[in-house]
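Inspection log for the structure reproduced underneath, given as structure tokens.
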Amino acid sequence: MLYCRQGRLCVRKGVQWGQSMNYFRLLVLVLLGASCVAADERPNILFIYTDDQSSRTVGCYPDSFDWVETPNLDELAKTGVRFSHAYIGSWCMPSRATLLTGLHQHGIESMRMVGQYPGSDYDPKQCRFWPSVFRANGYTTAQIGKWHTGIDPGYGRDWDYQIVWNRPRHPENSPNYYDNQLISKNGGPPKMTKGYSTDNYTHWAVEYIHGEGRAADKPWYLWLCYGAVHGPFTPADRHLDEYPGIDVPFPADVYPPRPGKPKYVREMEFWEPGPDGVPVERKVRDLGPVGMKDIPGRPLADWIRQYHQGVLAIDEGVGRLMKALKDSGQDENTLVVFTSDQGFAWGQKGFKSKVAPYRGTVEAPLIIRPPGKIADRCAGRVIEQPVSGVDLPPTFFRFAGIDLPWKMHGFDLSELFQSKAENWNHHAMLVHTAKQYGSATDQIPASDDPDLYHGPGVPWYVMLCEGRYKYIRNLVAGETEELYDTENDREELINLAHDPTNDPLLERLRNATVDELKRTEAGFVDQLPPVGTEQIRKTMKGTEE
């Protein structure tokens, strides 16, 4: 493990982390109106983290339906910064592991799936979680809600306070996303807990904000992990009648064929035309992932309505959390971050899933409300530059004024608050290696090896975003590369990799992807399978002729 201490280079442009940290620490204290440098003046951090929530479900995002109502999240965006393109993870477990370590999936050593799903384990000596560093530097840390990264949730090592639904430890209870959950408090025995989970988690978080389980003289970090809006996508009873009579436009690529796409995307068929011509669900599998069931014949519009109903309790929860901050006098000194582990597709490219590297499947909302006068300076700002989940931990460390304990893969997003966004010159990368982590990813599985795939047949891939362009390399020999202009083709329908006039851009992003894999020390970088873009071009041209 590489460590990054004051005086050693670990950020771009030749700036030393320790030196730049001191400058930023002073800036934060000045903007917060601090009169002296003291540990208890460092900002609290409230990290609100949902599950399978697409940016389409948040009203302030332009790709949301015009009937979506999320007033509290919209207000948070008005007072903070909204990111248009956030790629936090590809699916539940690696997304969380990234946010606990600051590393892409290939850099998270010893994390592994074991036993009955979602059983998992890790070695805390090889796989350190950074909240322990916050504890050692004067912060009180807390985690409330869903846990999906090992049977050891880290109480007493990473967390001072914890109310946890530990799915890996209790796989028999793992489908219970919305009620009857086995909840453990501060390392104690699990207790069956009634009530709608989103409301329970919000209530416990509000109590924590008001002082439950923490020292009053220390800054705090709270990771609030909602299970909503994961399958089975259950709304609160009070929301079952919401969104009546809505109009649901359907994705242009809900049915095949999808020319120019990888084989698994061309063949994706979760939906088919119903008797009245609108998309309805197909029978695809006998047993889906936890909480997911196929209901053949159910209209896609009904699923979308139910999914959005499930978000309403989250939005209400955000309102209660912000009120708690204001009522307790902590609003001005709290960094608030809202995001999800990844998005979820309802018909986009034929999916009823996440995992795949597309806007419709994995893009998540990301809203950051900085503390104090920093928020005043950037309130309502929209950042078009794409960012990754690995960028969040370095951002937390920068606001907390703590040096990075090891070399993390991401970049401090506060630079986008302090300078012109166009000066941001970093790529956003998302690496999907199915259920493998760390050195277990050094060898890419063969195309007939189940370890190459996760979800509905999604193979390992590397996705790289640079400004308006997205490049995707599926790690399957002979498969096409993908290139999209996300500004002019928001739904990523046209694969520009098959147009020879884009070859210079394609080559540049191909090389940039390899460079980024090398920078983050991906063990598989020197054995990337050959791409089949040119051959597929010829095949497509022959078909057209």
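Letters A, B, ... mark the chains of the structure tokens in the order given; residue numbers begin at 1 per chain; ligand numbers begin at 1, in order shown.
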
(request) Please provide as an MDAnalysis selection string all residues within 6 Å of range 364-372 of chain A, with the sequence filter that same-chain residues fewer than 2 positions apart are discarded (counting only C-alpha atoms). (result) chainID A and resid 32 54:55 77 80:83 86 332:340 342:343 374:375

(request) Give me every helix (DSSP H, G or I) residue in range 182-349 of chain A, going by DSSP on the backbone, as a PyMOL selection string. (result) chain A and resi 197-209+237-239+263-266+300-327+331-333+348-349

(request) Work out how far CA of Pro131 in chain A is from CA of Asp158 in chain A, in Å to one decimal. (result) 5.2 Å

(request) Tell me which protein, DNA and RNA residues are within 10 Å of Ala522 in chain A, counting only C-alpha atoms, leaving out same-chain ones fewer than 5 positions away, and put them as a list in words. (result)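 Answer for this query is His104, Gln105, His106, Gly107, Val431, Gly438, Ser439, Thr441, Asp442, Val514, Glu516 and Leu517 of chain A.
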
(request) List every residue of range 42-78 of chain A that DSSP, applied to the backbone, labels as strand (DSSP E), and write the result as an MDAnalysis selection string. (result) chainID A and resid 44:50

For the selection just defined, write its residues with C-alpha atoms to a file, as an mmCIF file, in the first residue's frame.
```cif
data_model
loop_
_atom_site.group_PDB
_atom_site.id
_atom_site.type_symbol
_atom_site.label_atom_id
_atom_site.label_comp_id
_atom_site.auth_asym_id
_atom_site.auth_seq_id
_atom_site.Cartn_x
_atom_site.Cartn_y
_atom_site.Cartn_z
ATOM 1 C CA ASN A 44 -19.482 17.978 10.037
ATOM 2 C CA ILE A 45 -20.130 15.724 7.054
ATOM 3 C CA LEU A 46 -23.563 14.257 6.337
ATOM 4 C CA PHE A 47 -23.277 11.714 3.517
ATOM 5 C CA ILE A 48 -26.720 10.573 2.315
ATOM 6 C CA TYR A 49 -26.415 7.476 0.164
ATOM 7 C CA THR A 50 -29.335 5.752 -1.532
#
```
